[in-house]
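Participant: For reference, the file upload-v1.cif (mmCIF, C-alpha atoms) is included below:
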```cif
data_start
loop_
_atom_site.label_atom_id
_atom_site.label_comp_id
_atom_site.auth_asym_id
_atom_site.auth_seq_id
_atom_site.Cartn_x
_atom_site.Cartn_y
_atom_site.Cartn_z
CA MET A 11 -123.30 113.04 -131.37
CA ALA A 12 -120.55 111.42 -133.46
CA PRO A 13 -118.24 108.90 -131.76
CA PRO A 14 -114.71 110.07 -130.98
CA ARG A 15 -112.22 109.83 -133.83
CA ASN A 16 -108.99 109.03 -131.95
CA GLN A 17 -107.96 105.96 -133.98
CA GLN A 18 -105.20 104.94 -131.59
CA ARG A 19 -107.68 104.83 -128.69
CA ARG A 20 -110.26 103.00 -130.83
CA ASP A 21 -107.63 100.38 -131.73
CA ALA A 22 -106.57 100.00 -128.09
CA LEU A 23 -110.18 99.43 -127.05
CA ALA A 24 -110.74 96.95 -129.87
CA ASP A 25 -107.52 95.16 -128.88
CA ALA A 26 -108.80 94.91 -125.31
CA ALA A 27 -112.10 93.48 -126.56
CA ILE A 28 -110.20 90.94 -128.67
CA ALA A 29 -108.10 89.91 -125.68
CA ILE A 30 -111.23 89.37 -123.58
CA LEU A 31 -113.03 87.45 -126.33
CA GLY A 32 -110.01 85.29 -127.02
CA THR A 33 -109.26 84.39 -123.42
CA ALA A 34 -112.56 84.53 -121.53
CA GLY A 35 -115.22 84.31 -124.27
CA ILE A 36 -118.17 86.34 -125.45
CA HIS A 37 -119.99 86.32 -122.10
CA ALA A 38 -117.08 88.05 -120.37
CA LEU A 39 -117.15 90.97 -122.81
CA SER A 40 -118.64 94.20 -121.51
CA HIS A 41 -117.84 97.86 -121.87
CA ARG A 42 -116.61 97.86 -118.27
CA ALA A 43 -114.35 94.84 -118.90
CA VAL A 44 -112.89 96.56 -121.96
CA ASP A 45 -112.23 99.73 -119.95
CA GLU A 46 -110.46 97.71 -117.27
CA ARG A 47 -108.42 95.67 -119.77
CA ALA A 48 -107.40 98.80 -121.71
CA GLU A 49 -106.68 100.63 -118.44
CA VAL A 50 -108.80 103.63 -119.37
CA PRO A 51 -111.36 105.58 -117.34
CA ALA A 52 -114.75 103.97 -116.83
CA GLY A 53 -117.14 104.81 -119.66
CA THR A 54 -114.44 105.19 -122.33
CA ALA A 55 -115.43 102.09 -124.32
CA ALA A 56 -119.10 103.10 -124.23
CA ASN A 57 -118.14 106.58 -125.42
CA TYR A 58 -116.37 105.13 -128.47
CA PHE A 59 -118.70 102.16 -129.08
CA PRO A 60 -122.10 102.96 -127.53
CA THR A 61 -123.73 99.59 -128.24
CA ARG A 62 -122.58 96.02 -127.79
CA ASP A 63 -122.96 95.44 -131.54
CA GLU A 64 -120.63 98.38 -132.24
CA LEU A 65 -118.08 97.01 -129.78
CA LEU A 66 -118.28 93.52 -131.33
CA THR A 67 -118.01 94.93 -134.85
CA ALA A 68 -115.00 97.04 -133.87
CA ALA A 69 -113.27 93.91 -132.54
CA ALA A 70 -114.04 92.01 -135.75
CA ARG A 71 -112.80 94.86 -137.94
CA ARG A 72 -109.60 95.06 -135.91
CA VAL A 73 -108.91 91.31 -136.25
CA LEU A 74 -109.48 91.50 -139.99
CA GLY A 75 -107.29 94.59 -140.34
CA LEU A 76 -104.45 92.97 -138.41
CA HIS A 77 -104.77 89.77 -140.44
CA LEU A 78 -104.73 91.60 -143.78
CA ALA A 79 -101.77 93.72 -142.68
CA ALA A 80 -99.85 90.54 -141.82
CA MET A 81 -100.70 89.13 -145.26
CA GLU A 82 -99.41 92.28 -146.94
CA VAL A 83 -96.13 92.07 -144.99
CA ALA A 84 -95.66 88.43 -145.99
CA ASP A 85 -96.50 89.16 -149.63
CA ALA A 86 -94.09 92.10 -149.71
CA GLN A 87 -91.24 89.73 -148.90
CA VAL A 88 -91.94 87.71 -152.05
CA THR A 89 -89.84 88.56 -155.07
CA GLY A 90 -91.37 87.72 -158.42
CA PRO A 91 -94.39 85.59 -159.21
CA VAL A 92 -95.17 82.49 -157.15
CA GLY A 93 -96.73 79.23 -158.24
CA PRO A 94 -98.79 76.78 -156.20
CA ASP A 95 -95.76 75.82 -154.07
CA GLY A 96 -95.09 79.45 -153.21
CA LEU A 97 -98.76 80.00 -152.41
CA ALA A 98 -98.74 76.97 -150.10
CA GLU A 99 -95.64 78.35 -148.40
CA LEU A 100 -97.35 81.70 -147.80
CA ILE A 101 -100.53 80.08 -146.51
CA GLY A 102 -98.58 77.69 -144.28
CA GLY A 103 -96.64 80.60 -142.82
CA ALA A 104 -99.85 82.53 -142.20
CA LEU A 105 -101.45 79.52 -140.49
CA TYR A 106 -98.43 79.08 -138.26
CA ASP A 107 -98.18 82.77 -137.39
CA ALA A 108 -101.88 83.00 -136.58
CA ALA A 109 -102.06 79.84 -134.47
CA ALA A 110 -98.68 80.09 -132.75
CA HIS A 111 -98.40 83.82 -132.13
CA HIS A 112 -101.93 85.23 -132.23
CA ARG A 113 -104.10 82.45 -130.79
CA PRO A 114 -106.39 84.75 -128.71
CA ARG A 115 -106.96 87.01 -131.73
CA TYR A 116 -108.32 84.15 -133.81
CA LEU A 117 -110.25 82.57 -130.95
CA ALA A 118 -111.92 85.98 -130.68
CA ILE A 119 -112.98 85.95 -134.33
CA TYR A 120 -114.54 82.51 -133.88
CA GLU A 121 -116.42 83.80 -130.84
CA LEU A 122 -117.64 86.71 -132.97
CA THR A 123 -118.62 84.40 -135.83
CA LEU A 124 -120.77 82.30 -133.53
CA GLU A 125 -122.29 85.40 -131.93
CA ALA A 126 -123.16 86.69 -135.42
CA THR A 127 -125.65 83.82 -135.78
CA ARG A 128 -127.71 85.62 -133.11
CA ARG A 129 -126.97 89.24 -134.04
CA PRO A 130 -128.05 90.36 -137.52
CA GLU A 131 -126.04 93.61 -137.36
CA LEU A 132 -122.85 91.72 -136.53
CA ALA A 133 -123.62 89.14 -139.23
CA ALA A 134 -124.03 91.92 -141.80
CA ALA A 135 -120.77 93.54 -140.73
CA LEU A 136 -118.90 90.23 -140.93
CA ALA A 137 -120.38 89.54 -144.38
CA GLU A 138 -119.25 92.99 -145.56
CA MET A 139 -115.77 92.41 -144.16
CA GLY A 140 -115.66 88.97 -145.80
CA ALA A 141 -116.48 90.45 -149.21
CA ALA A 142 -113.81 93.11 -148.79
CA ALA A 143 -111.26 90.50 -147.69
CA LEU A 144 -112.08 88.39 -150.75
CA ASP A 145 -111.54 91.33 -153.10
CA LEU A 146 -108.27 92.25 -151.39
CA THR A 147 -107.04 88.66 -151.43
CA VAL A 148 -107.85 88.24 -155.12
CA GLY A 149 -105.81 91.40 -155.74
CA GLN A 150 -102.94 89.99 -153.70
CA HIS A 151 -103.04 86.79 -155.74
CA ARG A 152 -102.81 88.84 -158.93
CA ALA A 153 -99.86 90.79 -157.53
CA LEU A 154 -98.16 87.47 -156.81
CA GLY A 155 -98.68 86.38 -160.41
CA LEU A 156 -101.39 83.84 -159.58
CA ASP A 157 -104.43 83.33 -161.79
CA THR A 158 -106.63 81.80 -159.09
CA SER A 159 -110.29 82.56 -159.68
CA PRO A 160 -112.37 84.39 -157.07
CA ALA A 161 -114.13 81.07 -156.36
CA GLN A 162 -110.78 79.38 -155.73
CA VAL A 163 -109.66 82.25 -153.49
CA GLN A 164 -112.92 81.99 -151.54
CA ALA A 165 -112.37 78.24 -151.16
CA LEU A 166 -108.85 78.86 -149.87
CA ILE A 167 -110.16 81.45 -147.38
CA THR A 168 -112.85 79.03 -146.17
CA LEU A 169 -110.42 76.12 -145.82
CA PHE A 170 -107.84 78.37 -144.13
CA GLY A 171 -110.50 79.37 -141.60
CA GLY A 172 -111.39 75.75 -140.88
CA ALA A 173 -107.76 74.70 -140.53
CA LEU A 174 -107.06 77.67 -138.27
CA LEU A 175 -110.03 76.85 -136.03
CA THR A 176 -108.69 73.33 -135.58
CA LEU A 177 -105.22 74.67 -134.77
CA VAL A 178 -106.26 77.34 -132.25
CA ALA A 179 -108.77 75.06 -130.53
CA GLY A 180 -106.24 72.24 -130.22
CA PRO A 181 -103.10 71.83 -128.16
CA PRO A 182 -100.55 74.59 -128.79
CA ALA A 183 -97.73 72.03 -129.05
CA ALA A 184 -99.36 70.60 -132.19
CA VAL A 185 -98.80 73.89 -134.04
CA THR A 186 -95.49 73.66 -135.87
CA PRO A 187 -94.20 75.23 -139.06
CA GLU A 188 -93.99 71.74 -140.59
CA SER A 189 -97.59 70.84 -139.75
CA THR A 190 -99.03 74.10 -141.03
CA ARG A 191 -97.03 73.89 -144.26
CA ALA A 192 -98.26 70.32 -144.81
CA GLN A 193 -101.86 71.45 -144.28
CA ALA A 194 -101.37 74.40 -146.62
CA ARG A 195 -99.95 72.16 -149.36
CA CYS A 196 -103.06 69.98 -149.11
CA LEU A 197 -105.38 73.00 -149.20
CA VAL A 198 -103.69 74.48 -152.26
CA ALA A 199 -103.45 71.15 -154.08
CA GLY A 200 -107.13 70.45 -153.49
CA VAL A 201 -108.38 73.89 -154.51
CA LEU A 202 -106.16 74.24 -157.56
CA ALA A 203 -106.72 70.68 -158.82
CA GLU A 204 -108.39 70.40 -162.20
CA VAL A 205 -112.08 69.57 -161.82
#
```
Starting from the file, give its structure as structure tokens.

Facilitator:
Amino acid sequence: MAPPRNQQRRDALADAAIAILGTAGIHALSHRAVDERAEVPAGTAANYFPTRDELLTAAARRVLGLHLAAMEVADAQVTGPVGPDGLAELIGGALYDAAAHHRPRYLAIYELTLEATRRPELAAALAEMGAAALDLTVGQHRALGLDTSPAQVQALITLFGGALLTLVAGPPAAVTPESTRAQARCLVAGVLAEV
């Protein structure tokens, strides 16, 4: 039997899973907890995502989709090509937005990343999503007039992830637009430096 196709309901369930992961951790996540958080009848989450791996993967896909959508919105506000300074500004803004406004979402993805070390299916799904995100991000760099190589884009993604982990795991008061822009300038300068 194929899982239900109602995308709005699937997103709501994934959002509930993200909220649980980001506030209470991986051990608090269950189909029942997702049903309660989403305020849907018991058994709904299991109907849409029959296994724990499917539920975890749905949460990971939702975080990635929301993150990429935010990147597209930020990029759409840029007029004309950007150089390294413009790239640092975009990355700094993304770091700030993620850490200041979407802390539980990104704590959830770190919970999922750690869980993937024990779950091969989740690890494979995260690797697939990472490859797709790399391709999309390289395309976004081209649209912004940047000639960053795929290796440089991957380095920026990796460093962004590390910086974001530090920000969301630290005190919220330390997250400021100035601090995230300063970090982004360092990331971009390091990755784009001539070797």

Participant: Please determine, counting only C-alpha atoms, which residue among A:Leu97, A:Leu169, A:Ala27, A:Ala56 has the shortest atom-to-atom distance to Gly155 of chain A.

Facilitator: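 Comparing A:Leu97, A:Leu169, A:Ala27, A:Ala56 against Gly155 of chain A, the winner is A:Leu97.
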
Participant: I would like the residues chosen by the PyMOL selection byres ((chain A and resi 48) around 8) on the shown file; could you give them as a list of chain:residue names?

Facilitator: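 So the PyMOL selection byres ((chain A and resi 48) around 8), applied here, picks out A:Ala22, A:Leu23, A:Ala26, A:Val44, A:Asp45, A:Glu46, A:Arg47, A:Glu49, A:Val50.
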
Participant: Report as a list in words the residues that result from applying the PyMOL selection byres ((chain A and resi 157) around 12) to the structure here.

Facilitator: Pro91, Val92, Gly93, Pro94, Leu97, Thr147, Val148, Gly149, Gln150, His151, Arg152, Ala153, Leu154, Gly155, Leu156, Thr158, Ser159, Pro160, Ala161, Gln162, Val163 and Leu202 of chain A

Participant: Exactly which residues make up the result of the PyMOL selection byres ((chain A and resi 199) around 12) on this file, given as a list of chain:residue names?

Facilitator: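 Applying the PyMOL selection byres ((chain A and resi 199) around 12) to the structure shown produces A:Gly93, A:Pro94, A:Asp95, A:Gly96, A:Leu97, A:Ala98, A:Gln162, A:Ala165, A:Leu166, A:Leu169, A:Ala192, A:Gln193, A:Ala194, A:Arg195, A:Cys196, A:Leu197, A:Val198, A:Gly200, A:Val201, A:Leu202, A:Ala203, A:Glu204, A:Val205.
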
Participant: Output C-alpha atoms for every residue in that selection, as a CSV table (one decimal), in the coordinates of the input.

Facilitator:
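Listed below is the output, again.csv:
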```csv
chain,number,residue,atom,x,y,z
A,93,GLY,CA,-96.7,79.2,-158.2
A,94,PRO,CA,-98.8,76.8,-156.2
A,95,ASP,CA,-95.8,75.8,-154.1
A,96,GLY,CA,-95.1,79.4,-153.2
A,97,LEU,CA,-98.8,80.0,-152.4
A,98,ALA,CA,-98.7,77.0,-150.1
A,162,GLN,CA,-110.8,79.4,-155.7
A,165,ALA,CA,-112.4,78.2,-151.2
A,166,LEU,CA,-108.8,78.9,-149.9
A,169,LEU,CA,-110.4,76.1,-145.8
A,192,ALA,CA,-98.3,70.3,-144.8
A,193,GLN,CA,-101.9,71.4,-144.3
A,194,ALA,CA,-101.4,74.4,-146.6
A,195,ARG,CA,-100.0,72.2,-149.4
A,196,CYS,CA,-103.1,70.0,-149.1
A,197,LEU,CA,-105.4,73.0,-149.2
A,198,VAL,CA,-103.7,74.5,-152.3
A,200,GLY,CA,-107.1,70.4,-153.5
A,201,VAL,CA,-108.4,73.9,-154.5
A,202,LEU,CA,-106.2,74.2,-157.6
A,203,ALA,CA,-106.7,70.7,-158.8
A,204,GLU,CA,-108.4,70.4,-162.2
A,205,VAL,CA,-112.1,69.6,-161.8
```

Participant: Given all atoms listed in the file as the basis, pick out the residue of A:Leu175, A:Ala38, A:Ala184, A:Ala133 nearest to Arg115 of chain A.

Facilitator: A:Leu175

Participant: Extract, using all atoms listed in the file, all DNA, RNA and protein residues at most 9 Å from Ala69 of chain A, discarding same-chain residues fewer than 5 positions from it, and format them as a count of residues only.

Facilitator: 13

Participant: Show me the residues close to (-117.7, 88.8, -127.1) - anything with an atom within 10 Å, counting only C-alpha atoms - and format the list as a list in words.

Facilitator: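 Nearby residues: Ala27, Ile28, Ala29, Ile30, Leu31, Gly32, Ala34, Gly35, Ile36, His37, Ala38, Leu39, Ser40, Arg62, Asp63, Leu65, Leu66, Thr67, Ala69, Ala70, Ala118, Ile119, Tyr120, Glu121, Leu122, Thr123, Leu124 and Glu125 of chain A.
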
Participant: Compile the contact shell of Tyr116 of chain A as an MDAnalysis selection string: residues with an atom at most 8 Å away, counting all atoms listed in the file, same-chain residues fewer than 6 positions apart removed.

Facilitator: chainID A and resid 32 73 108:109 174:175 178

Participant: Which one of A:Arg113, A:Met81, A:Ala68, A:Gly90 sits closest to Ala179 of chain A if you count all atoms listed in the file?

Facilitator: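 The answer is A:Arg113, which sits nearest to Ala179 of chain A.
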
Participant: So how many Å separate atom CA of Thr190 of chain A and atom CA of Gly103 of chain A, to one decimal?

Facilitator: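 Answer for the atom CA of Thr190 of chain A to atom CA of Gly103 of chain A separation: 7.2 Å.
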
Participant: When you draw a straight line from atom CA of Gly75 of chain A to atom CA of Leu177 of chain A, how long is it in Å?

Facilitator: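 Here the two named atoms are 20.8 Å from each other.
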